[in-house]
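**Q** Quick one: the structure is below, questions incoming.
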Amino acid sequence: MREFPFYNTRITGGFWKEKQDLVRNTTIYAVYDRFKDAGRFRAYDFNWEEGMPDQPHFFWDSDTAKMIESIACLTKLKKNAKLEKLADDIIKKICSHQDENGYFNVYYMTVDKDPSHRFATRDRHELYCLGHLIEAAIAYDDATGKDALLQFCFRFLDYVEQRFMIEKNAGFQTPGHEEIELALVRLYDYTGNKKYLKMASHFVDERGKREEGLTDWSHESYNQSHLPVRMQKTAEGHAVRAMYLYSAMADLALRTGDEELLEACKALYDNILTRRSYITGSIGQSSCGEAFTVDYDLPNMASYSETCAAIGLMMFSKRMMLFSADRKYADMIERLMYNGFISGLSLSGKAFFYENPLEIMPYFYKRNVSNTFKEHAPATVRKEYFGCSCCPPNITRVIPSIASYLYTEEDGVLYVHQFMKSVSTLEIGGKSVKITQKTAYPENGKVQITVKGSDLKLAVRVPGWCREYTGETAENGYAYMDVKDGETVTVNFPMKVHFIAANPRVLHDAGKVAVMRGPFVYCMEAVDNGEGIRNLKLNMRSRMKVVKNEELGVNVLVAKGFRPAYTGDALYREYTGEMTEQDIVLVPYYTFANRGESEMQVFTDHT
Ligand code: FUB
Ligand code: ZN
C-alpha cells in the first residue's frame, strides 16, 4: 500500500485538533523551555568545562533533534516564524561545530574530547543521535526549504560509511540503540540515493551476527543482538530499541521485497500483539532494561510502558499495515493513540509521563527500606522535565503528524484506517481527490465520509472493539464500498460499554475486568472513588451512565459497585461478606494523574 504524508490532511475539529492546538500553543514551548533550563541549547556553544553544571550527555542531540522535527511538523501545517527562529538558531550552532571529517556529538566534542573515543563504545548512542538528526533534517528541509542540517547529515553519513562500511575500524559494527536504520530508509525515500538504503540494510543485517560487546548490566537481547534479525521471532530487550529496529526491518522488506525479513516482522508483531502488550497498547513489561520479558507477563503496577515505546509500536504497526489489509495493525494504532500513547501527555500540555503503568498505589513507591537496593517504580505524578528526556519531544513530533495514520491506498482503493474530523487532498489514480470526514469520533462512532474529485472504492476499518456494527460486511476488518464522485457515505460504530478480560495466563489480571467504550480504556482513580480502590467491586449488571466531567473536560462513566463494609482498625478480622453500595467513576485511562497523586487501576474486581 501507499501511504500519504500527514500534511495532505487538515484536522478540522475534535480530539486531535485540540491536541494539535495544545502542542502548537503550549507543549512545544514547554519542551523548549525545560530543555533550555537544563542547558541543552547552551551546550551547543561548545564552552562547557569540567566543574560546570549541566554536563552535556551523549544522547542530548537526539532530544534536540526530535524537538526540531516537531517544529518542522508544526511549521509544515502552519507557518510559525517564532518556532522557526528557535530551530534555525539551534541548527546554526550545531552545523557550525561539525568536525571537518563530518562527525558530531555534543558529548564527544565538549566533555570527552579524545577523538579515539568516538564510535568506540557501542552503547553511547552516537548513531542513534545521528538517526534523529537525519529525521529532523528531512522534516525541516521539507517544511522550510532550509537544507543546512540535511547537508550536515550528508557529510556525517559519508564519515559513518567510511568508518563502518569501508575501513571498518569502529569499535562496534551495529549501534547499541537502533534508530539510524529507519532514518536512513527515510533519507533514501527523500533523496532517492540508494547509498542510504544500502547503509540501512548494512546496519540491520549485521546485527546479531557476532558478539559486539555489552554493557556490564545487560545481555545480547537487550539491544536485539541475540540472533541475526531474520531469525528473531519474539520481541526481546529494550522496547524502544526493538520498535525502531523492527520498523526499519519492515521498511527494508517493503522496499526490497525481502520475504524472509517480512516473515520475521510478522512473527515479531504477532508475538507483541498476542502475548506481550497491555490493553492500552503499551509495551515494555519491566523497568529492568526498559524491556520485554516473557509471554503473558504483564504486571500492572510495575509495568514499564514507556511513551516512546508506544510511539515505536505505532510506527511498526503503520509499516506492517502497508503490506496487507488486516485491521489488526490499525486497531493497535488506535489502541495506542487513545490510550498508551496519549497518556504520556498531561491535559495541561505541560507535563509528561515517561512510564505509563496500568495501576498506581502511591504507598507502594514508599516501601523501600534501603537506600542502596531500590525497587524502580513508575512515577506517580506527571513531570515537566526528565533527565532522560526522550518522550516529551517524541510526543510533540507525533501529534502534529498524527494524520499520517489515517489513509493508505492500493490499486485505487482508499483504506480509511482512522477517524478524525478532517479534510484531506490525496493523489489517487492521477486525480486529486478531496476526502472529508465529518465526525465527533472518538466521542461517538458516527462518521460521514465525502469523496470529491473521482469515483472511489473505500475500505473502511470496522474497529475491532465494535461488536455491534451492522453495516456492509467486512473482510479482514475492512468494509468495502463504492462511492461516486460527490457522494457521502455514513458508517456507524456504536460505542457500547464492554468489559474486557485478559487471557487467563495473565496472572496479574486474574479474575478482573477492564472497561472499554469505543477506543478508550477506562480506569478508576481514588480521587473520584475514595482510597482503597482495590477493594471496590464493579457491578457489571449496573447501567453505566456517560457523564461529562467538567474538571477533566472529558466524558467519564458512572456505574454502581460495592465496597466491603468495614469499620475498625484490626489488621485481620472474621470475613462477613457485607458490602455497601457506592457509585464508581471510571475516567478515560489517558486522563489519569491529572489531579495529583492518586490510586489508579485499569483492571478491577467485579460482581
Ligand atoms: O536511550 C535513549 C532513550 O532513553 C531510549 O529510547 C529510552 O527508552 C530511554 O532509555
Ligand atoms: Zn521515551
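FYI, nothing fancy with the C-alpha cells labels: chains A, B, ... in order, residues from 1 per chain, ligands from 1 as they appear.
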Can you check which residues of segment 122-311 of chain A DSSP gives as helix (DSSP H, G or I) on the backbone and send them as a count of residues only?
**A** 113
**Q** What's around Glu69 of chain A at 12 Å? Count only C-alpha atoms, leave out sequence neighbours fewer than 2 positions away in its own chain, and write the answer as a ChimeraX atom specification.
**A** /A:28,62-67,71-76,83-84,87-88,91,131-144,149,393-401
**Q** Take the residues that were just selected and, keeping N, CA and C atoms, output them as a compact mmCIF listing (two decimals), in the first residue's frame.
**A**
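Contents of the output file selection15.txt:
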# COMPACT_ATOMS: atom_id res chain seq x y z
N ILE A 28 5.05 22.49 22.84
CA ILE A 28 6.35 22.68 22.18
C ILE A 28 7.20 23.70 22.95
N SER A 62 19.83 13.78 20.41
CA SER A 62 18.60 13.14 19.91
C SER A 62 17.37 13.91 20.39
N ASP A 63 17.43 14.41 21.62
CA ASP A 63 16.29 15.18 22.14
C ASP A 63 16.12 16.48 21.35
N THR A 64 17.24 17.14 21.13
CA THR A 64 17.20 18.39 20.35
C THR A 64 16.64 18.11 18.96
N ALA A 65 17.11 17.01 18.37
CA ALA A 65 16.69 16.69 17.00
C ALA A 65 15.18 16.45 16.95
N LYS A 66 14.65 15.72 17.95
CA LYS A 66 13.21 15.45 17.93
C LYS A 66 12.43 16.75 18.10
N MET A 67 13.02 17.67 18.88
CA MET A 67 12.32 18.95 19.04
C MET A 67 12.33 19.73 17.72
N ILE A 71 9.10 20.93 15.49
CA ILE A 71 8.88 22.28 14.95
C ILE A 71 8.62 22.20 13.45
N ALA A 72 9.36 21.32 12.79
CA ALA A 72 9.17 21.16 11.34
C ALA A 72 7.74 20.71 11.04
N CYS A 73 7.25 19.75 11.80
CA CYS A 73 5.88 19.25 11.54
C CYS A 73 4.86 20.34 11.78
N LEU A 74 5.03 21.08 12.87
CA LEU A 74 4.08 22.16 13.17
C LEU A 74 4.13 23.23 12.09
N THR A 75 5.35 23.54 11.66
CA THR A 75 5.55 24.57 10.65
C THR A 75 4.98 24.15 9.30
N LYS A 76 5.09 22.86 9.03
CA LYS A 76 4.56 22.34 7.76
C LYS A 76 3.04 22.53 7.71
N LEU A 83 8.68 29.84 16.06
CA LEU A 83 9.23 28.49 16.23
C LEU A 83 10.39 28.25 15.26
N GLU A 84 10.21 28.73 14.05
CA GLU A 84 11.25 28.51 13.03
C GLU A 84 12.56 29.17 13.46
N ALA A 87 14.35 27.02 15.98
CA ALA A 87 15.03 25.89 15.34
C ALA A 87 16.25 26.36 14.54
N ASP A 88 16.08 27.44 13.80
CA ASP A 88 17.20 27.96 12.98
C ASP A 88 18.43 28.22 13.84
N ILE A 91 20.05 24.94 14.89
CA ILE A 91 20.66 24.26 13.73
C ILE A 91 21.97 24.96 13.35
N GLY A 131 20.65 9.37 13.75
CA GLY A 131 19.36 8.97 13.15
C GLY A 131 18.31 10.04 13.38
N HIS A 132 18.22 10.51 14.62
CA HIS A 132 17.21 11.55 14.89
C HIS A 132 17.56 12.86 14.18
N LEU A 133 18.85 13.16 14.06
CA LEU A 133 19.22 14.38 13.33
C LEU A 133 18.82 14.26 11.86
N ILE A 134 18.96 13.05 11.31
CA ILE A 134 18.56 12.84 9.90
C ILE A 134 17.05 13.08 9.76
N GLU A 135 16.29 12.49 10.67
CA GLU A 135 14.83 12.66 10.58
C GLU A 135 14.44 14.14 10.70
N ALA A 136 15.13 14.84 11.61
CA ALA A 136 14.86 16.27 11.79
C ALA A 136 15.23 17.04 10.53
N ALA A 137 16.38 16.68 9.97
CA ALA A 137 16.88 17.40 8.79
C ALA A 137 15.92 17.27 7.62
N ILE A 138 15.40 16.05 7.42
CA ILE A 138 14.46 15.83 6.32
C ILE A 138 13.20 16.65 6.55
N ALA A 139 12.66 16.53 7.75
CA ALA A 139 11.41 17.23 8.05
C ALA A 139 11.58 18.74 7.93
N TYR A 140 12.74 19.22 8.38
CA TYR A 140 12.95 20.67 8.37
C TYR A 140 13.15 21.20 6.95
N ASP A 141 13.88 20.43 6.16
CA ASP A 141 14.09 20.81 4.76
C ASP A 141 12.74 20.82 4.03
N ASP A 142 11.96 19.79 4.30
CA ASP A 142 10.65 19.66 3.65
C ASP A 142 9.70 20.79 4.05
N ALA A 143 9.79 21.19 5.32
CA ALA A 143 8.86 22.21 5.82
C ALA A 143 9.29 23.62 5.46
N THR A 144 10.60 23.85 5.43
CA THR A 144 11.06 25.24 5.30
C THR A 144 11.92 25.48 4.06
N LEU A 149 20.88 21.50 7.78
CA LEU A 149 21.00 20.30 8.61
C LEU A 149 21.09 19.04 7.73
N PRO A 393 9.79 15.23 23.54
CA PRO A 393 9.89 15.69 22.14
C PRO A 393 9.45 14.63 21.13
N ASN A 394 9.25 13.40 21.60
CA ASN A 394 8.70 12.38 20.71
C ASN A 394 7.19 12.61 20.57
N ILE A 395 6.57 12.99 21.70
CA ILE A 395 5.13 13.29 21.68
C ILE A 395 4.86 14.48 20.76
N THR A 396 5.74 15.48 20.84
CA THR A 396 5.48 16.70 20.06
C THR A 396 5.72 16.50 18.56
N ARG A 397 6.40 15.41 18.19
CA ARG A 397 6.50 15.19 16.73
C ARG A 397 5.37 14.29 16.24
N VAL A 398 4.83 13.46 17.12
CA VAL A 398 3.76 12.55 16.68
C VAL A 398 2.43 13.27 16.53
N ILE A 399 2.08 14.13 17.48
CA ILE A 399 0.74 14.74 17.43
C ILE A 399 0.52 15.60 16.17
N PRO A 400 1.47 16.47 15.81
CA PRO A 400 1.22 17.23 14.58
C PRO A 400 1.12 16.34 13.33
N SER A 401 1.78 15.18 13.38
CA SER A 401 1.81 14.33 12.18
C SER A 401 0.86 13.13 12.29
**Q** Write out as number ranges by chain each polymer residue whose atoms come within 12 Å of Met109 of chain A, counting only C-alpha atoms; drop sequence neighbours fewer than 2 positions from it.
**A** A: 43-49, 55-58, 61, 94, 97-99, 103-107, 111-118, 126
**Q** Could you please extract the residues within 6 Å of ligand 2, counting only C-alpha atoms and all ligand atoms, and hand them back as a ChimeraX atom specification?
**A** /A:306-308,354,390-391
**Q** Would you output that residue set with N, CA and C atoms, as a compact mmCIF listing (two decimals), in the first residue's frame?
**A**
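This is the output file result-v2.txt:
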# COMPACT_ATOMS: atom_id res chain seq x y z
N GLU A 306 6.80 2.58 28.31
CA GLU A 306 7.33 3.92 28.00
C GLU A 306 6.56 4.57 26.85
N THR A 307 6.38 5.88 26.97
CA THR A 307 5.68 6.61 25.90
C THR A 307 6.39 6.42 24.56
N CYS A 308 7.72 6.47 24.56
CA CYS A 308 8.46 6.28 23.28
C CYS A 308 8.23 4.89 22.71
N TYR A 354 6.73 9.35 31.42
CA TYR A 354 7.72 8.56 30.69
C TYR A 354 7.24 7.11 30.72
N CYS A 390 13.63 11.61 26.50
CA CYS A 390 13.30 11.17 25.14
C CYS A 390 11.81 11.33 24.81
N CYS A 391 10.93 11.15 25.81
CA CYS A 391 9.49 11.07 25.48
C CYS A 391 8.85 12.41 25.10
**Q** With ligand 1 as the partner and 10 Å as the cut-off, tabulate the residues of chain A that qualify, each row holding the nearest pair of atoms and their distance in Å to one decimal, using only C-alpha atoms and all ligand atoms, sorted by chain and rising number, as JSON lines.
**A**
{"residue": "A:Phe58", "atom": "CA", "partner": "ligand 1", "partner_atom_place_in_ligand_line": "2 (C)", "distance": 9.4}
{"residue": "A:Phe59", "atom": "CA", "partner": "ligand 1", "partner_atom_place_in_ligand_line": "2 (C)", "distance": 6.6}
{"residue": "A:Trp60", "atom": "CA", "partner": "ligand 1", "partner_atom_place_in_ligand_line": "2 (C)", "distance": 9.1}
{"residue": "A:Ser62", "atom": "CA", "partner": "ligand 1", "partner_atom_place_in_ligand_line": "2 (C)", "distance": 8.1}
{"residue": "A:Asp63", "atom": "CA", "partner": "ligand 1", "partner_atom_place_in_ligand_line": "2 (C)", "distance": 9.0}
{"residue": "A:Asp123", "atom": "CA", "partner": "ligand 1", "partner_atom_place_in_ligand_line": "1 (O)", "distance": 8.7}
{"residue": "A:Arg124", "atom": "CA", "partner": "ligand 1", "partner_atom_place_in_ligand_line": "1 (O)", "distance": 8.7}
{"residue": "A:His125", "atom": "CA", "partner": "ligand 1", "partner_atom_place_in_ligand_line": "1 (O)", "distance": 7.3}
{"residue": "A:Tyr128", "atom": "CA", "partner": "ligand 1", "partner_atom_place_in_ligand_line": "2 (C)", "distance": 8.1}
{"residue": "A:Cys129", "atom": "CA", "partner": "ligand 1", "partner_atom_place_in_ligand_line": "2 (C)", "distance": 9.0}
{"residue": "A:Gly176", "atom": "CA", "partner": "ligand 1", "partner_atom_place_in_ligand_line": "1 (O)", "distance": 9.2}
{"residue": "A:His177", "atom": "CA", "partner": "ligand 1", "partner_atom_place_in_ligand_line": "1 (O)", "distance": 6.8}
{"residue": "A:Glu178", "atom": "CA", "partner": "ligand 1", "partner_atom_place_in_ligand_line": "6 (O)", "distance": 8.7}
{"residue": "A:Glu179", "atom": "CA", "partner": "ligand 1", "partner_atom_place_in_ligand_line": "6 (O)", "distance": 9.0}
{"residue": "A:His238", "atom": "CA", "partner": "ligand 1", "partner_atom_place_in_ligand_line": "8 (O)", "distance": 7.0}
{"residue": "A:Ala239", "atom": "CA", "partner": "ligand 1", "partner_atom_place_in_ligand_line": "8 (O)", "distance": 7.1}
{"residue": "A:Val240", "atom": "CA", "partner": "ligand 1", "partner_atom_place_in_ligand_line": "6 (O)", "distance": 5.1}
{"residue": "A:Arg241", "atom": "CA", "partner": "ligand 1", "partner_atom_place_in_ligand_line": "6 (O)", "distance": 6.2}
{"residue": "A:Ala242", "atom": "CA", "partner": "ligand 1", "partner_atom_place_in_ligand_line": "6 (O)", "distance": 9.6}
{"residue": "A:Met243", "atom": "CA", "partner": "ligand 1", "partner_atom_place_in_ligand_line": "6 (O)", "distance": 9.7}
{"residue": "A:Tyr244", "atom": "CA", "partner": "ligand 1", "partner_atom_place_in_ligand_line": "6 (O)", "distance": 9.0}
{"residue": "A:Gly284", "atom": "CA", "partner": "ligand 1", "partner_atom_place_in_ligand_line": "8 (O)", "distance": 9.5}
{"residue": "A:Ser287", "atom": "CA", "partner": "ligand 1", "partner_atom_place_in_ligand_line": "8 (O)", "distance": 9.9}
{"residue": "A:Gly289", "atom": "CA", "partner": "ligand 1", "partner_atom_place_in_ligand_line": "10 (O)", "distance": 8.4}
{"residue": "A:Glu290", "atom": "CA", "partner": "ligand 1", "partner_atom_place_in_ligand_line": "8 (O)", "distance": 6.4}
{"residue": "A:Ala291", "atom": "CA", "partner": "ligand 1", "partner_atom_place_in_ligand_line": "8 (O)", "distance": 8.8}
{"residue": "A:Tyr304", "atom": "CA", "partner": "ligand 1", "partner_atom_place_in_ligand_line": "8 (O)", "distance": 9.8}
{"residue": "A:Ser305", "atom": "CA", "partner": "ligand 1", "partner_atom_place_in_ligand_line": "8 (O)", "distance": 9.8}
{"residue": "A:Glu306", "atom": "CA", "partner": "ligand 1", "partner_atom_place_in_ligand_line": "8 (O)", "distance": 6.9}
{"residue": "A:Thr307", "atom": "CA", "partner": "ligand 1", "partner_atom_place_in_ligand_line": "8 (O)", "distance": 8.7}
{"residue": "A:Cys308", "atom": "CA", "partner": "ligand 1", "partner_atom_place_in_ligand_line": "6 (O)", "distance": 6.6}
{"residue": "A:Ala309", "atom": "CA", "partner": "ligand 1", "partner_atom_place_in_ligand_line": "8 (O)", "distance": 7.1}
{"residue": "A:Gly312", "atom": "CA", "partner": "ligand 1", "partner_atom_place_in_ligand_line": "6 (O)", "distance": 9.4}
{"residue": "A:Tyr354", "atom": "CA", "partner": "ligand 1", "partner_atom_place_in_ligand_line": "9 (C)", "distance": 8.8}
{"residue": "A:Glu355", "atom": "CA", "partner": "ligand 1", "partner_atom_place_in_ligand_line": "8 (O)", "distance": 9.8}
{"residue": "A:Gly387", "atom": "CA", "partner": "ligand 1", "partner_atom_place_in_ligand_line": "4 (O)", "distance": 9.5}
{"residue": "A:Cys388", "atom": "CA", "partner": "ligand 1", "partner_atom_place_in_ligand_line": "4 (O)", "distance": 5.8}
{"residue": "A:Ser389", "atom": "CA", "partner": "ligand 1", "partner_atom_place_in_ligand_line": "4 (O)", "distance": 7.0}
{"residue": "A:Cys390", "atom": "CA", "partner": "ligand 1", "partner_atom_place_in_ligand_line": "4 (O)", "distance": 5.4}
{"residue": "A:Cys391", "atom": "CA", "partner": "ligand 1", "partner_atom_place_in_ligand_line": "7 (C)", "distance": 7.7}
{"residue": "A:Asn394", "atom": "CA", "partner": "ligand 1", "partner_atom_place_in_ligand_line": "6 (O)", "distance": 9.9}
**Q** Given only C-alpha atoms, how would the per-residue table for segment 487-506 of chain A near segment 543-560 of chain A read, listing every residue at most 12 Å away with its closest atom pair and distance in Å to one decimal, sorted by chain and number, as a Markdown table?
**A**
| residue | atom | partner | partner_atom | distance |
| --- | --- | --- | --- | --- |
| A:Met495 | CA | A:Val546 | CA | 11.0 |
| A:Lys496 | CA | A:Met544 | CA | 9.6 |
| A:Val497 | CA | A:Met544 | CA | 7.6 |
| A:His498 | CA | A:Met544 | CA | 10.4 |
| A:Phe499 | CA | A:Met544 | CA | 11.5 |
**Q** Could you dump the residues just selected with N, CA and C atoms as an mmCIF file, in the first residue's frame?
**A**
data_model
loop_
_atom_site.group_PDB
_atom_site.id
_atom_site.type_symbol
_atom_site.label_atom_id
_atom_site.label_comp_id
_atom_site.auth_asym_id
_atom_site.auth_seq_id
_atom_site.Cartn_x
_atom_site.Cartn_y
_atom_site.Cartn_z
ATOM 1 N N MET A 495 -20.938 2.786 20.212
ATOM 2 C CA MET A 495 -19.956 2.723 21.303
ATOM 3 C C MET A 495 -20.612 2.239 22.581
ATOM 4 N N LYS A 496 -20.786 0.951 22.667
ATOM 5 C CA LYS A 496 -21.328 0.345 23.891
ATOM 6 C C LYS A 496 -20.181 0.133 24.880
ATOM 7 N N VAL A 497 -20.537 0.055 26.145
ATOM 8 C CA VAL A 497 -19.506 -0.274 27.146
ATOM 9 C C VAL A 497 -19.218 -1.766 27.060
ATOM 10 N N HIS A 498 -17.942 -2.130 27.058
ATOM 11 C CA HIS A 498 -17.558 -3.548 27.044
ATOM 12 C C HIS A 498 -16.643 -3.850 28.227
ATOM 13 N N PHE A 499 -16.847 -5.021 28.796
ATOM 14 C CA PHE A 499 -15.965 -5.490 29.864
ATOM 15 C C PHE A 499 -14.955 -6.435 29.224
#
**Q** Which residues, written as a PDB file with all heavy atoms, in the first residue's frame, have at least one atom at most 7 Å from segment 562-577 of chain A, with only C-alpha atoms counted and residues fewer than 3 positions away on the same chain left out?
**A**
ATOM      1  N   ASN A 535     -10.291  -2.538  46.703  1.00  0.00           N
ATOM      2  CA  ASN A 535     -11.384  -3.243  47.389  1.00  0.00           C
ATOM      3  C   ASN A 535     -12.710  -3.147  46.646  1.00  0.00           C
ATOM      4  O   ASN A 535     -13.655  -3.854  46.971  1.00  0.00           O
ATOM      5  CB  ASN A 535     -11.604  -2.621  48.781  1.00  0.00           C
ATOM      6  CG  ASN A 535     -10.437  -2.893  49.687  1.00  0.00           C
ATOM      7  OD1 ASN A 535     -10.163  -4.043  50.009  1.00  0.00           O
ATOM      8  ND2 ASN A 535      -9.720  -1.850  50.070  1.00  0.00           N
ATOM      9  N   LEU A 536     -12.777  -2.231  45.695  1.00  0.00           N
ATOM     10  CA  LEU A 536     -14.068  -1.993  45.043  1.00  0.00           C
ATOM     11  C   LEU A 536     -14.435  -3.130  44.097  1.00  0.00           C
ATOM     12  O   LEU A 536     -13.569  -3.719  43.450  1.00  0.00           O
ATOM     13  CB  LEU A 536     -14.025  -0.682  44.250  1.00  0.00           C
ATOM     14  CG  LEU A 536     -13.844   0.577  45.099  1.00  0.00           C
ATOM     15  CD1 LEU A 536     -13.760   1.807  44.202  1.00  0.00           C
ATOM     16  CD2 LEU A 536     -15.002   0.719  46.081  1.00  0.00           C
ATOM     17  N   LYS A 537     -15.734  -3.400  44.046  1.00  0.00           N
ATOM     18  CA  LYS A 537     -16.232  -4.413  43.107  1.00  0.00           C
ATOM     19  C   LYS A 537     -17.193  -3.719  42.172  1.00  0.00           C
ATOM     20  O   LYS A 537     -18.219  -3.189  42.608  1.00  0.00           O
ATOM     21  CB  LYS A 537     -16.963  -5.528  43.854  1.00  0.00           C
ATOM     22  CG  LYS A 537     -16.029  -6.405  44.660  1.00  0.00           C
ATOM     23  CD  LYS A 537     -16.807  -7.551  45.271  1.00  0.00           C
ATOM     24  CE  LYS A 537     -15.954  -8.353  46.242  1.00  0.00           C
ATOM     25  NZ  LYS A 537     -14.818  -9.000  45.594  1.00  0.00           N
ATOM     26  N   LEU A 538     -16.858  -3.753  40.905  1.00  0.00           N
ATOM     27  CA  LEU A 538     -17.716  -3.130  39.904  1.00  0.00           C
ATOM     28  C   LEU A 538     -18.918  -4.028  39.649  1.00  0.00           C
ATOM     29  O   LEU A 538     -18.759  -5.232  39.412  1.00  0.00           O
ATOM     30  CB  LEU A 538     -16.896  -2.972  38.617  1.00  0.00           C
ATOM     31  CG  LEU A 538     -17.503  -2.235  37.458  1.00  0.00           C
ATOM     32  CD1 LEU A 538     -17.721  -0.765  37.817  1.00  0.00           C
ATOM     33  CD2 LEU A 538     -16.562  -2.326  36.253  1.00  0.00           C
ATOM     34  N   THR A 580     -21.203  -2.338  51.102  1.00  0.00           N
ATOM     35  CA  THR A 580     -22.079  -1.168  50.919  1.00  0.00           C
ATOM     36  C   THR A 580     -21.995  -0.754  49.460  1.00  0.00           C
ATOM     37  O   THR A 580     -20.942  -0.882  48.828  1.00  0.00           O
ATOM     38  CB  THR A 580     -21.648   0.028  51.795  1.00  0.00           C
ATOM     39  OG1 THR A 580     -20.273   0.252  51.556  1.00  0.00           O
ATOM     40  CG2 THR A 580     -21.889  -0.215  53.255  1.00  0.00           C
ATOM     41  N   GLU A 581     -23.114  -0.263  48.954  1.00  0.00           N
ATOM     42  CA  GLU A 581     -23.134   0.117  47.546  1.00  0.00           C
ATOM     43  C   GLU A 581     -22.553   1.527  47.386  1.00  0.00           C
ATOM     44  O   GLU A 581     -22.739   2.377  48.248  1.00  0.00           O
ATOM     45  CB  GLU A 581     -24.567   0.055  47.019  1.00  0.00           C
ATOM     46  CG  GLU A 581     -24.597   0.051  45.500  1.00  0.00           C
ATOM     47  CD  GLU A 581     -25.992  -0.109  44.930  1.00  0.00           C
ATOM     48  OE1 GLU A 581     -26.943   0.443  45.504  1.00  0.00           O
ATOM     49  OE2 GLU A 581     -26.113  -0.790  43.891  1.00  0.00           O
ATOM     50  N   GLN A 582     -21.857   1.748  46.311  1.00  0.00           N
ATOM     51  CA  GLN A 582     -21.410   3.119  46.003  1.00  0.00           C
ATOM     52  C   GLN A 582     -21.296   3.319  44.496  1.00  0.00           C
ATOM     53  O   GLN A 582     -21.179   2.351  43.748  1.00  0.00           O
ATOM     54  CB  GLN A 582     -20.072   3.439  46.692  1.00  0.00           C
ATOM     55  CG  GLN A 582     -18.835   2.831  46.045  1.00  0.00           C
ATOM     56  CD  GLN A 582     -17.549   3.499  46.526  1.00  0.00           C
ATOM     57  OE1 GLN A 582     -17.182   3.362  47.704  1.00  0.00           O
ATOM     58  NE2 GLN A 582     -16.855   4.206  45.627  1.00  0.00           N
TER      59      GLN A 582
END
**Q** Env of Ile435 of chain A: 12 Å cut, atoms = only C-alpha atoms, seq-sep filter 5 positions within chain, self excluded. Answer as a short mmCIF file (atom, residue, chain, number, x, y, z; two decimals) with N, CA and C atoms, in the first residue's frame.
**A**
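File produced: part-v2.cif:
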data_model
loop_
_atom_site.label_atom_id
_atom_site.label_comp_id
_atom_site.auth_asym_id
_atom_site.auth_seq_id
_atom_site.Cartn_x
_atom_site.Cartn_y
_atom_site.Cartn_z
N ASN A 8 -1.07 16.24 3.97
CA ASN A 8 -2.17 16.19 2.99
C ASN A 8 -3.51 16.35 3.69
N THR A 9 -3.48 16.31 5.01
CA THR A 9 -4.72 16.35 5.79
C THR A 9 -4.73 17.53 6.75
N ARG A 10 -5.86 18.18 6.81
CA ARG A 10 -6.07 19.22 7.84
C ARG A 10 -7.10 18.67 8.82
N ILE A 11 -6.71 18.55 10.07
CA ILE A 11 -7.67 18.08 11.08
C ILE A 11 -8.46 19.31 11.52
N LEU A 406 -4.04 8.03 8.98
CA LEU A 406 -5.44 7.97 8.53
C LEU A 406 -5.69 7.05 7.35
N TYR A 407 -4.94 7.27 6.25
CA TYR A 407 -5.27 6.59 4.99
C TYR A 407 -4.07 5.88 4.39
N LEU A 414 -9.08 3.27 -1.47
CA LEU A 414 -8.61 4.10 -0.36
C LEU A 414 -8.99 3.44 0.96
N TYR A 415 -7.99 3.07 1.73
CA TYR A 415 -8.22 2.47 3.05
C TYR A 415 -8.36 3.57 4.08
N VAL A 416 -9.45 3.53 4.81
CA VAL A 416 -9.71 4.51 5.86
C VAL A 416 -9.44 3.79 7.18
N PHE A 419 -10.38 7.59 12.24
CA PHE A 419 -11.49 8.53 12.05
C PHE A 419 -11.22 9.82 12.82
N MET A 420 -11.21 10.91 12.07
CA MET A 420 -10.97 12.23 12.67
C MET A 420 -11.69 13.25 11.82
N LYS A 421 -12.25 14.25 12.43
CA LYS A 421 -12.88 15.33 11.67
C LYS A 421 -11.77 15.99 10.85
N SER A 422 -11.85 15.89 9.54
CA SER A 422 -10.70 16.32 8.74
C SER A 422 -11.05 16.50 7.27
N VAL A 423 -10.15 17.21 6.59
CA VAL A 423 -10.24 17.35 5.14
C VAL A 423 -8.87 16.96 4.58
N SER A 424 -8.87 16.04 3.62
CA SER A 424 -7.60 15.59 3.02
C SER A 424 -7.65 15.78 1.52
N THR A 425 -6.51 16.11 0.96
CA THR A 425 -6.41 16.16 -0.50
C THR A 425 -5.36 15.14 -0.90
N LEU A 426 -5.81 14.10 -1.60
CA LEU A 426 -4.93 12.96 -1.87
C LEU A 426 -4.84 12.69 -3.37
N GLU A 427 -3.66 12.38 -3.84
CA GLU A 427 -3.48 11.99 -5.24
C GLU A 427 -3.82 10.52 -5.38
N ILE A 428 -4.89 10.20 -6.10
CA ILE A 428 -5.26 8.80 -6.28
C ILE A 428 -5.57 8.57 -7.76
N GLN A 448 -19.18 10.41 8.71
CA GLN A 448 -19.65 10.65 7.34
C GLN A 448 -18.42 10.96 6.48
N ILE A 449 -18.30 10.21 5.40
CA ILE A 449 -17.12 10.41 4.53
C ILE A 449 -17.60 10.88 3.16
N THR A 450 -17.11 12.04 2.75
CA THR A 450 -17.49 12.59 1.44
C THR A 450 -16.28 12.54 0.51
N VAL A 451 -16.54 12.07 -0.71
CA VAL A 451 -15.47 11.96 -1.71
C VAL A 451 -15.76 12.96 -2.82
N LYS A 452 -14.75 13.76 -3.19
CA LYS A 452 -14.95 14.69 -4.32
C LYS A 452 -13.73 14.64 -5.24
N GLY A 453 -13.99 14.55 -6.53
CA GLY A 453 -12.89 14.58 -7.50
C GLY A 453 -12.78 13.31 -8.29
N SER A 454 -13.43 12.24 -7.83
CA SER A 454 -13.38 10.96 -8.54
C SER A 454 -14.33 9.98 -7.89
N ASP A 455 -14.79 8.98 -8.68
CA ASP A 455 -15.45 7.84 -8.04
C ASP A 455 -14.35 7.09 -7.29
N LEU A 456 -14.71 6.42 -6.24
CA LEU A 456 -13.65 5.77 -5.46
C LEU A 456 -14.19 4.57 -4.71
N LEU A 458 -13.91 2.73 -1.28
CA LEU A 458 -13.37 2.94 0.06
C LEU A 458 -13.31 1.60 0.79
N VAL A 483 -18.05 4.49 -3.88
CA VAL A 483 -18.60 5.83 -3.65
C VAL A 483 -18.46 6.65 -4.94
N ASP A 485 -18.34 10.12 -7.19
CA ASP A 485 -17.82 11.48 -7.02
C ASP A 485 -18.92 12.39 -6.44
N GLY A 486 -18.63 13.03 -5.35
CA GLY A 486 -19.60 13.94 -4.72
C GLY A 486 -20.49 13.28 -3.69
N GLU A 487 -20.39 11.96 -3.59
CA GLU A 487 -21.29 11.23 -2.68
C GLU A 487 -20.72 11.20 -1.24
N THR A 488 -21.66 11.04 -0.30
CA THR A 488 -21.26 10.90 1.12
C THR A 488 -21.73 9.55 1.62
N VAL A 489 -20.85 8.81 2.28
CA VAL A 489 -21.30 7.56 2.92
C VAL A 489 -21.21 7.75 4.43
#
